[in-house]
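J.: Below is the file model31.tsv, which contains TSV, N, CA, C and O atoms.
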chain	number	residue	atom	x	y	z
N	1	MET	N	15.17	-13.97	-18.12
N	1	MET	CA	14.23	-14.18	-17.03
N	1	MET	C	14.69	-13.40	-15.80
N	1	MET	O	15.87	-13.37	-15.48
N	2	ASN	N	13.75	-12.77	-15.12
N	2	ASN	CA	14.05	-11.96	-13.94
N	2	ASN	C	14.49	-12.85	-12.78
N	2	ASN	O	13.77	-13.74	-12.38
N	3	GLN	N	15.65	-12.56	-12.23
N	3	GLN	CA	16.15	-13.33	-11.09
N	3	GLN	C	16.06	-12.56	-9.77
N	3	GLN	O	16.18	-13.13	-8.71
N	4	GLY	N	15.85	-11.25	-9.86
N	4	GLY	CA	15.81	-10.42	-8.66
N	4	GLY	C	14.42	-9.91	-8.36
N	4	GLY	O	13.42	-10.41	-8.88
N	5	LYS	N	14.35	-8.90	-7.50
N	5	LYS	CA	13.08	-8.30	-7.12
N	5	LYS	C	12.68	-7.25	-8.16
N	5	LYS	O	13.52	-6.65	-8.81
N	6	TYR	N	11.37	-7.02	-8.27
N	6	TYR	CA	10.87	-5.94	-9.11
N	6	TYR	C	11.30	-4.60	-8.50
N	6	TYR	O	11.52	-4.49	-7.29
N	7	VAL	N	11.40	-3.58	-9.34
N	7	VAL	CA	11.83	-2.26	-8.88
N	7	VAL	C	10.86	-1.73	-7.82
N	7	VAL	O	11.28	-1.15	-6.82
N	8	PHE	N	9.56	-1.95	-8.01
N	8	PHE	CA	8.57	-1.50	-7.04
N	8	PHE	C	8.84	-2.14	-5.67
N	8	PHE	O	8.80	-1.45	-4.65
N	9	SER	N	9.13	-3.41	-5.64
N	9	SER	CA	9.42	-4.10	-4.38
N	9	SER	C	10.69	-3.56	-3.74
N	9	SER	O	10.77	-3.42	-2.52
N	10	GLN	N	11.67	-3.24	-4.55
N	10	GLN	CA	12.91	-2.66	-4.02
N	10	GLN	C	12.65	-1.29	-3.41
N	10	GLN	O	13.18	-0.97	-2.34
N	11	LEU	N	11.82	-0.48	-4.06
N	11	LEU	CA	11.49	0.84	-3.53
N	11	LEU	C	10.70	0.74	-2.23
N	11	LEU	O	10.93	1.48	-1.28
N	12	MET	N	9.77	-0.19	-2.17
N	12	MET	CA	8.95	-0.34	-0.97
N	12	MET	C	9.73	-0.94	0.20
N	12	MET	O	9.36	-0.76	1.35
N	13	SER	N	10.83	-1.61	-0.09
N	13	SER	CA	11.64	-2.18	0.99
N	13	SER	C	12.41	-1.09	1.74
N	13	SER	O	12.94	-1.34	2.82
N	14	ILE	N	12.44	0.12	1.19
N	14	ILE	CA	13.07	1.25	1.89
N	14	ILE	C	12.28	1.59	3.15
N	14	ILE	O	12.85	1.95	4.17
N	15	VAL	N	10.97	1.45	3.07
N	15	VAL	CA	10.11	1.75	4.21
N	15	VAL	C	10.17	0.59	5.19
N	15	VAL	O	9.90	-0.55	4.84
N	16	SER	N	10.52	0.90	6.43
N	16	SER	CA	10.61	-0.12	7.48
N	16	SER	C	9.20	-0.59	7.85
N	16	SER	O	8.36	0.21	8.27
N	17	HIS	N	8.97	-1.87	7.68
N	17	HIS	CA	7.65	-2.43	8.01
N	17	HIS	C	7.39	-2.30	9.51
N	17	HIS	O	6.25	-2.07	9.93
N	18	LYS	N	8.42	-2.41	10.32
N	18	LYS	CA	8.27	-2.30	11.77
N	18	LYS	C	7.85	-0.89	12.17
N	18	LYS	O	6.94	-0.71	12.99
N	19	GLN	N	8.47	0.13	11.59
N	19	GLN	CA	8.09	1.51	11.87
N	19	GLN	C	6.67	1.78	11.39
N	19	GLN	O	5.90	2.47	12.07
N	20	PHE	N	6.33	1.24	10.23
N	20	PHE	CA	4.99	1.44	9.69
N	20	PHE	C	3.95	0.82	10.63
N	20	PHE	O	2.92	1.45	10.92
N	21	GLN	N	4.22	-0.38	11.12
N	21	GLN	CA	3.28	-1.05	12.02
N	21	GLN	C	3.15	-0.29	13.34
N	21	GLN	O	2.06	-0.25	13.93
N	22	THR	N	4.21	0.35	13.80
N	22	THR	CA	4.15	1.17	15.01
N	22	THR	C	3.20	2.34	14.81
N	22	THR	O	2.38	2.65	15.69
N	23	ILE	N	3.29	2.97	13.65
N	23	ILE	CA	2.40	4.09	13.33
N	23	ILE	C	0.95	3.61	13.23
N	23	ILE	O	0.03	4.24	13.74
N	24	VAL	N	0.75	2.47	12.58
N	24	VAL	CA	-0.60	1.92	12.41
N	24	VAL	C	-1.22	1.61	13.77
N	24	VAL	O	-2.40	1.91	14.02
N	25	LYS	N	-0.44	1.05	14.68
N	25	LYS	CA	-0.96	0.75	16.02
N	25	LYS	C	-1.31	2.02	16.77
N	25	LYS	O	-2.28	2.06	17.53
N	26	ARG	N	-0.52	3.08	16.58
N	26	ARG	CA	-0.78	4.36	17.26
N	26	ARG	C	-2.16	4.90	16.88
N	26	ARG	O	-2.89	5.42	17.72
N	27	TYR	N	-2.54	4.76	15.62
N	27	TYR	CA	-3.82	5.29	15.14
N	27	TYR	C	-4.90	4.20	14.99
N	27	TYR	O	-5.98	4.49	14.48
N	28	LYS	N	-4.61	2.99	15.41
N	28	LYS	CA	-5.53	1.85	15.34
N	28	LYS	C	-6.07	1.66	13.93
N	28	LYS	O	-7.26	1.46	13.70
N	29	GLY	N	-5.16	1.70	12.96
N	29	GLY	CA	-5.54	1.60	11.56
N	29	GLY	C	-6.01	0.22	11.13
N	29	GLY	O	-6.85	0.10	10.24
N	30	ASP	N	-5.49	-0.82	11.77
N	30	ASP	CA	-5.89	-2.18	11.40
N	30	ASP	C	-6.89	-2.78	12.38
N	30	ASP	O	-7.08	-3.99	12.43
N	31	TYR	N	-7.57	-1.93	13.12
N	31	TYR	CA	-8.57	-2.39	14.09
N	31	TYR	C	-9.74	-3.02	13.35
N	31	TYR	O	-10.34	-2.40	12.46
N	32	LYS	N	-10.06	-4.25	13.68
N	32	LYS	CA	-11.15	-5.03	13.07
N	32	LYS	C	-10.97	-5.22	11.56
N	32	LYS	O	-11.95	-5.28	10.82
N	33	VAL	N	-9.74	-5.32	11.11
N	33	VAL	CA	-9.46	-5.54	9.69
N	33	VAL	C	-9.08	-7.01	9.51
N	33	VAL	O	-8.25	-7.52	10.25
N	34	LYS	N	-9.69	-7.67	8.54
N	34	LYS	CA	-9.40	-9.07	8.31
N	34	LYS	C	-8.30	-9.28	7.28
N	34	LYS	O	-7.34	-10.00	7.51
N	35	ASP	N	-8.43	-8.66	6.13
N	35	ASP	CA	-7.52	-8.98	5.04
N	35	ASP	C	-6.79	-7.76	4.47
N	35	ASP	O	-5.60	-7.81	4.26
N	36	PHE	N	-7.49	-6.68	4.23
N	36	PHE	CA	-6.90	-5.53	3.56
N	36	PHE	C	-6.30	-4.58	4.59
N	36	PHE	O	-6.94	-3.65	5.07
N	37	THR	N	-5.04	-4.79	4.91
N	37	THR	CA	-4.36	-4.02	5.95
N	37	THR	C	-3.92	-2.65	5.44
N	37	THR	O	-3.96	-2.38	4.24
N	38	CYS	N	-3.47	-1.84	6.37
N	38	CYS	CA	-2.95	-0.51	6.00
N	38	CYS	C	-1.73	-0.65	5.10
N	38	CYS	O	-1.51	0.18	4.22
N	39	TRP	N	-0.93	-1.68	5.34
N	39	TRP	CA	0.26	-1.90	4.51
N	39	TRP	C	-0.14	-2.17	3.06
N	39	TRP	O	0.43	-1.61	2.13
N	40	LYS	N	-1.14	-3.01	2.84
N	40	LYS	CA	-1.60	-3.29	1.48
N	40	LYS	C	-2.21	-2.04	0.85
N	40	LYS	O	-2.03	-1.80	-0.35
N	41	GLN	N	-2.93	-1.27	1.65
N	41	GLN	CA	-3.48	-0.02	1.14
N	41	GLN	C	-2.36	0.91	0.71
N	41	GLN	O	-2.42	1.51	-0.36
N	42	TYR	N	-1.33	1.01	1.53
N	42	TYR	CA	-0.18	1.84	1.19
N	42	TYR	C	0.49	1.37	-0.10
N	42	TYR	O	0.81	2.18	-0.97
N	43	LEU	N	0.65	0.07	-0.26
N	43	LEU	CA	1.27	-0.46	-1.48
N	43	LEU	C	0.43	-0.15	-2.72
N	43	LEU	O	0.98	0.23	-3.76
N	44	CYS	N	-0.88	-0.31	-2.61
N	44	CYS	CA	-1.75	-0.01	-3.75
N	44	CYS	C	-1.69	1.47	-4.12
N	44	CYS	O	-1.59	1.81	-5.31
N	45	MET	N	-1.74	2.33	-3.14
N	45	MET	CA	-1.71	3.77	-3.41
N	45	MET	C	-0.33	4.20	-3.92
N	45	MET	O	-0.24	5.05	-4.82
N	46	ALA	N	0.73	3.62	-3.38
N	46	ALA	CA	2.07	3.94	-3.86
N	46	ALA	C	2.25	3.47	-5.29
N	46	ALA	O	2.87	4.16	-6.11
N	47	PHE	N	1.69	2.31	-5.63
N	47	PHE	CA	1.75	1.81	-6.99
N	47	PHE	C	1.08	2.79	-7.94
N	47	PHE	O	1.61	3.10	-9.01
N	48	GLY	N	-0.07	3.31	-7.54
N	48	GLY	CA	-0.77	4.29	-8.36
N	48	GLY	C	0.04	5.56	-8.57
N	48	GLY	O	0.09	6.11	-9.67
N	49	GLN	N	0.69	6.03	-7.52
N	49	GLN	CA	1.51	7.23	-7.63
N	49	GLN	C	2.73	7.01	-8.50
N	49	GLN	O	3.06	7.83	-9.36
N	50	LEU	N	3.41	5.90	-8.28
N	50	LEU	CA	4.66	5.64	-9.01
N	50	LEU	C	4.44	5.31	-10.48
N	50	LEU	O	5.35	5.46	-11.30
N	51	THR	N	3.24	4.85	-10.83
N	51	THR	CA	2.95	4.54	-12.22
N	51	THR	C	2.14	5.65	-12.89
N	51	THR	O	1.63	5.47	-13.99
N	52	HIS	N	2.01	6.78	-12.22
N	52	HIS	CA	1.34	7.98	-12.74
N	52	HIS	C	-0.11	7.72	-13.14
N	52	HIS	O	-0.57	8.19	-14.19
N	53	ARG	N	-0.83	6.99	-12.30
N	53	ARG	CA	-2.26	6.77	-12.56
N	53	ARG	C	-3.02	8.03	-12.20
N	53	ARG	O	-2.67	8.74	-11.26
N	54	GLU	N	-4.08	8.33	-12.93
N	54	GLU	CA	-4.82	9.57	-12.74
N	54	GLU	C	-6.02	9.43	-11.82
N	54	GLU	O	-6.57	10.44	-11.38
N	55	SER	N	-6.43	8.21	-11.52
N	55	SER	CA	-7.59	8.03	-10.66
N	55	SER	C	-7.48	6.67	-9.96
N	55	SER	O	-6.64	5.84	-10.28
N	56	LEU	N	-8.38	6.49	-9.00
N	56	LEU	CA	-8.43	5.22	-8.29
N	56	LEU	C	-8.85	4.10	-9.24
N	56	LEU	O	-8.30	2.99	-9.18
N	57	SER	N	-9.76	4.40	-10.14
N	57	SER	CA	-10.19	3.41	-11.13
N	57	SER	C	-9.03	3.00	-12.03
N	57	SER	O	-8.86	1.81	-12.34
N	58	ASP	N	-8.26	3.97	-12.46
N	58	ASP	CA	-7.11	3.72	-13.31
N	58	ASP	C	-6.07	2.87	-12.57
N	58	ASP	O	-5.48	1.94	-13.14
N	59	THR	N	-5.86	3.17	-11.29
N	59	THR	CA	-4.92	2.40	-10.47
N	59	THR	C	-5.36	0.94	-10.37
N	59	THR	O	-4.56	0.03	-10.56
N	60	MET	N	-6.63	0.73	-10.07
N	60	MET	CA	-7.14	-0.63	-9.90
N	60	MET	C	-7.14	-1.39	-11.23
N	60	MET	O	-6.85	-2.58	-11.26
N	61	LEU	N	-7.42	-0.70	-12.31
N	61	LEU	CA	-7.37	-1.33	-13.64
N	61	LEU	C	-5.96	-1.81	-13.95
N	61	LEU	O	-5.76	-2.92	-14.43
N	62	CYS	N	-4.98	-0.98	-13.64
N	62	CYS	CA	-3.58	-1.33	-13.87
N	62	CYS	C	-3.15	-2.49	-12.97
N	62	CYS	O	-2.43	-3.39	-13.40
N	63	LEU	N	-3.58	-2.47	-11.71
N	63	LEU	CA	-3.25	-3.58	-10.80
N	63	LEU	C	-3.88	-4.88	-11.26
N	63	LEU	O	-3.24	-5.93	-11.21
N	64	LYS	N	-5.13	-4.81	-11.71
N	64	LYS	CA	-5.79	-6.04	-12.19
N	64	LYS	C	-5.14	-6.56	-13.47
N	64	LYS	O	-5.06	-7.76	-13.68
N	65	ALA	N	-4.67	-5.65	-14.31
N	65	ALA	CA	-3.98	-6.08	-15.53
N	65	ALA	C	-2.67	-6.77	-15.21
N	65	ALA	O	-2.20	-7.61	-15.97
N	66	ASN	N	-2.07	-6.42	-14.07
N	66	ASN	CA	-0.82	-7.04	-13.64
N	66	ASN	C	-1.03	-7.95	-12.44
N	66	ASN	O	-0.13	-8.12	-11.62
N	67	SER	N	-2.20	-8.54	-12.33
N	67	SER	CA	-2.52	-9.37	-11.16
N	67	SER	C	-1.62	-10.59	-11.02
N	67	SER	O	-1.39	-11.08	-9.92
N	68	ASP	N	-1.06	-11.06	-12.15
N	68	ASP	CA	-0.14	-12.19	-12.06
N	68	ASP	C	1.18	-11.79	-11.41
N	68	ASP	O	1.91	-12.65	-10.90
N	69	LYS	N	1.47	-10.50	-11.36
N	69	LYS	CA	2.70	-10.00	-10.74
N	69	LYS	C	2.44	-9.42	-9.35
N	69	LYS	O	3.39	-9.02	-8.67
N	70	ALA	N	1.20	-9.33	-8.92
N	70	ALA	CA	0.85	-8.66	-7.67
N	70	ALA	C	1.54	-9.30	-6.46
N	70	ALA	O	1.96	-8.61	-5.54
N	71	TYR	N	1.69	-10.60	-6.47
N	71	TYR	CA	2.37	-11.28	-5.36
N	71	TYR	C	3.82	-10.83	-5.28
N	71	TYR	O	4.33	-10.54	-4.20
N	72	HIS	N	4.48	-10.73	-6.40
N	72	HIS	CA	5.88	-10.33	-6.44
N	72	HIS	C	6.06	-8.83	-6.14
N	72	HIS	O	7.15	-8.40	-5.75
N	73	LEU	N	5.01	-8.06	-6.33
N	73	LEU	CA	5.05	-6.64	-5.98
N	73	LEU	C	4.84	-6.44	-4.49
N	73	LEU	O	5.05	-5.36	-3.96
N	74	GLY	N	4.40	-7.49	-3.79
N	74	GLY	CA	4.16	-7.42	-2.36
N	74	GLY	C	2.71	-7.17	-2.00
N	74	GLY	O	2.35	-7.14	-0.84
N	75	ILE	N	1.86	-7.00	-3.00
N	75	ILE	CA	0.46	-6.67	-2.76
N	75	ILE	C	-0.36	-7.91	-2.47
N	75	ILE	O	-1.30	-7.88	-1.69
N	76	GLY	N	-0.01	-9.00	-3.07
N	76	GLY	CA	-0.79	-10.23	-2.90
N	76	GLY	C	-1.97	-10.22	-3.85
N	76	GLY	O	-1.85	-9.83	-5.00
N	77	GLU	N	-3.12	-10.60	-3.36
N	77	GLU	CA	-4.32	-10.63	-4.20
N	77	GLU	C	-4.86	-9.22	-4.37
N	77	GLU	O	-4.99	-8.45	-3.42
N	78	VAL	N	-5.19	-8.86	-5.60
N	78	VAL	CA	-5.71	-7.53	-5.90
N	78	VAL	C	-7.14	-7.43	-5.40
N	78	VAL	O	-7.95	-8.32	-5.63
N	79	VAL	N	-7.45	-6.34	-4.70
N	79	VAL	CA	-8.79	-6.14	-4.14
N	79	VAL	C	-9.63	-5.30	-5.10
N	79	VAL	O	-9.12	-4.78	-6.10
N	80	SER	N	-10.88	-5.16	-4.77
N	80	SER	CA	-11.77	-4.36	-5.62
N	80	SER	C	-11.58	-2.87	-5.35
N	80	SER	O	-11.03	-2.47	-4.33
N	81	LYS	N	-12.07	-2.08	-6.27
N	81	LYS	CA	-11.96	-0.62	-6.14
N	81	LYS	C	-12.75	-0.13	-4.93
N	81	LYS	O	-12.31	0.77	-4.22
N	82	SER	N	-13.88	-0.74	-4.67
N	82	SER	CA	-14.71	-0.30	-3.53
N	82	SER	C	-14.01	-0.56	-2.19
N	82	SER	O	-14.15	0.23	-1.26
N	83	THR	N	-13.26	-1.65	-2.10
N	83	THR	CA	-12.53	-1.95	-0.88
N	83	THR	C	-11.45	-0.90	-0.62
N	83	THR	O	-11.31	-0.40	0.50
N	84	LEU	N	-10.71	-0.55	-1.66
N	84	LEU	CA	-9.68	0.47	-1.53
N	84	LEU	C	-10.29	1.83	-1.24
N	84	LEU	O	-9.80	2.58	-0.39
N	85	SER	N	-11.39	2.14	-1.88
N	85	SER	CA	-12.07	3.41	-1.66
N	85	SER	C	-12.58	3.53	-0.22
N	85	SER	O	-12.42	4.57	0.42
N	86	THR	N	-13.17	2.47	0.29
N	86	THR	CA	-13.66	2.46	1.67
N	86	THR	C	-12.51	2.60	2.66
N	86	THR	O	-12.62	3.33	3.65
N	87	ALA	N	-11.41	1.92	2.38
N	87	ALA	CA	-10.23	2.04	3.25
N	87	ALA	C	-9.70	3.47	3.25
N	87	ALA	O	-9.32	4.00	4.30
N	88	ASN	N	-9.68	4.11	2.09
N	88	ASN	CA	-9.22	5.49	2.00
N	88	ASN	C	-10.12	6.44	2.78
N	88	ASN	O	-9.66	7.41	3.37
N	89	GLU	N	-11.42	6.16	2.80
N	89	GLU	CA	-12.37	7.02	3.51
N	89	GLU	C	-12.29	6.82	5.02
N	89	GLU	O	-12.38	7.80	5.77
N	90	ASN	N	-12.13	5.58	5.46
N	90	ASN	CA	-12.28	5.27	6.88
N	90	ASN	C	-10.99	5.29	7.69
N	90	ASN	O	-11.05	5.49	8.90
N	91	ARG	N	-9.87	5.08	7.07
N	91	ARG	CA	-8.61	5.05	7.82
N	91	ARG	C	-8.03	6.45	7.95
N	91	ARG	O	-8.18	7.28	7.07
N	92	SER	N	-7.36	6.65	9.05
N	92	SER	CA	-6.80	7.97	9.35
N	92	SER	C	-5.67	8.31	8.38
N	92	SER	O	-4.75	7.51	8.17
N	93	CYS	N	-5.74	9.49	7.83
N	93	CYS	CA	-4.67	9.95	6.94
N	93	CYS	C	-3.40	10.27	7.72
N	93	CYS	O	-2.31	10.38	7.15
N	94	LEU	N	-3.52	10.38	9.04
N	94	LEU	CA	-2.36	10.68	9.89
N	94	LEU	C	-1.33	9.54	9.87
N	94	LEU	O	-0.16	9.78	10.13
N	95	ILE	N	-1.78	8.33	9.55
N	95	ILE	CA	-0.86	7.20	9.42
N	95	ILE	C	0.17	7.51	8.33
N	95	ILE	O	1.38	7.40	8.54
N	96	TYR	N	-0.33	7.93	7.20
N	96	TYR	CA	0.55	8.18	6.06
N	96	TYR	C	1.27	9.52	6.19
N	96	TYR	O	2.37	9.68	5.68
N	97	PHE	N	0.67	10.45	6.93
N	97	PHE	CA	1.33	11.72	7.22
N	97	PHE	C	2.57	11.47	8.09
N	97	PHE	O	3.65	11.98	7.81
N	98	ASP	N	2.40	10.68	9.16
N	98	ASP	CA	3.53	10.36	10.03
N	98	ASP	C	4.61	9.60	9.28
N	98	ASP	O	5.81	9.82	9.51
N	99	LEU	N	4.21	8.71	8.38
N	99	LEU	CA	5.19	7.97	7.57
N	99	LEU	C	5.98	8.92	6.68
N	99	LEU	O	7.20	8.80	6.57
N	100	ALA	N	5.29	9.90	6.11
N	100	ALA	CA	5.96	10.88	5.26
N	100	ALA	C	6.94	11.74	6.06
N	100	ALA	O	8.02	12.08	5.57
N	101	ILE	N	6.57	12.06	7.28
N	101	ILE	CA	7.45	12.86	8.14
N	101	ILE	C	8.73	12.09	8.45
N	101	ILE	O	9.84	12.66	8.44
N	102	ILE	N	8.61	10.80	8.69
N	102	ILE	CA	9.78	9.97	9.01
N	102	ILE	C	10.74	9.90	7.83
N	102	ILE	O	11.94	9.99	7.97
N	103	TYR	N	10.19	9.76	6.62
N	103	TYR	CA	11.01	9.53	5.43
N	103	TYR	C	11.19	10.76	4.54
N	103	TYR	O	11.45	10.65	3.36
N	104	ARG	N	11.08	11.94	5.10
N	104	ARG	CA	11.27	13.14	4.27
N	104	ARG	C	12.72	13.46	4.10
N	104	ARG	O	13.63	13.03	4.66
So that I can check it, write out the structure of this file as structure tokens.
T.:
Amino acid sequence: MNQGKYVFSQLMSIVSHKQFQTIVKRYKGDYKVKDFTCWKQYLCMAFGQLTHRESLSDTMLCLKANSDKAYHLGIGEVVSKSTLSTANENRSCLIYFDLAIIYR
């Protein structure tokens, strides 16, 4: 039985949540957002990249298949594909660009 954190959670803990929130505030990424924050969007997209998913649909299918582990991955409740797609369209890509610059 697993006694520690999942590898994905360990990798995501490298990114400082405080620094990420500073960047999000700079670009007003969570303005008028109720539940699906930029942090959750980042976790979903990072999960897709790290698991070599080929599309947004594939990423969401994999997340839903592992929905019982989503809380332990740090994602919480898995959202729909349309929610993630809308977030990708409407939020500034500069948030994630600045994050990449910090951790290069």
J.: Counting only C-alpha atoms, which residue out of N:Ser57, N:Ser9, N:Gln41, N:Ser67 sits closest to Glu89 (chain N)?
T.: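 Between N:Ser57, N:Ser9, N:Gln41, N:Ser67, the residue approaching Glu89 (chain N) most closely is N:Gln41.
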J.: Suppose you want the space between CA of Lys5 (chain N) and CA of Ile102 (chain N); what is it in Å?
T.: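 Distance reported for this atom pair: 24.6 Å.
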J.: Taking only chain N into account, list the residues labelled helix (DSSP H, G or I) by DSSP (computed from the backbone), as a PyMOL selection string.
T.: chain N and resi 7-12+17-27+38-50+56-65+70-73+81-90+94-102
J.: Quick one: residues within 8 Å of region 19-33 of chain N, all atoms listed in the file counted, chain neighbours fewer than 2 positions away excluded, as a list in words?
T.: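 Listed by chain and then number, they are Val15, Ser16, His17, Asp35, Phe36, Thr37, Cys38, Trp39, Ala87, Asn90, Arg91, Ser92, Leu94, Ile95, Tyr96, Asp98 and Leu99 of chain N.
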J.: Counting only N, CA, C and O atoms, which of N:Met60, N:Ser13, N:Phe8, N:Cys93 gets nearest to Val78 (chain N)?
T.: N:Met60
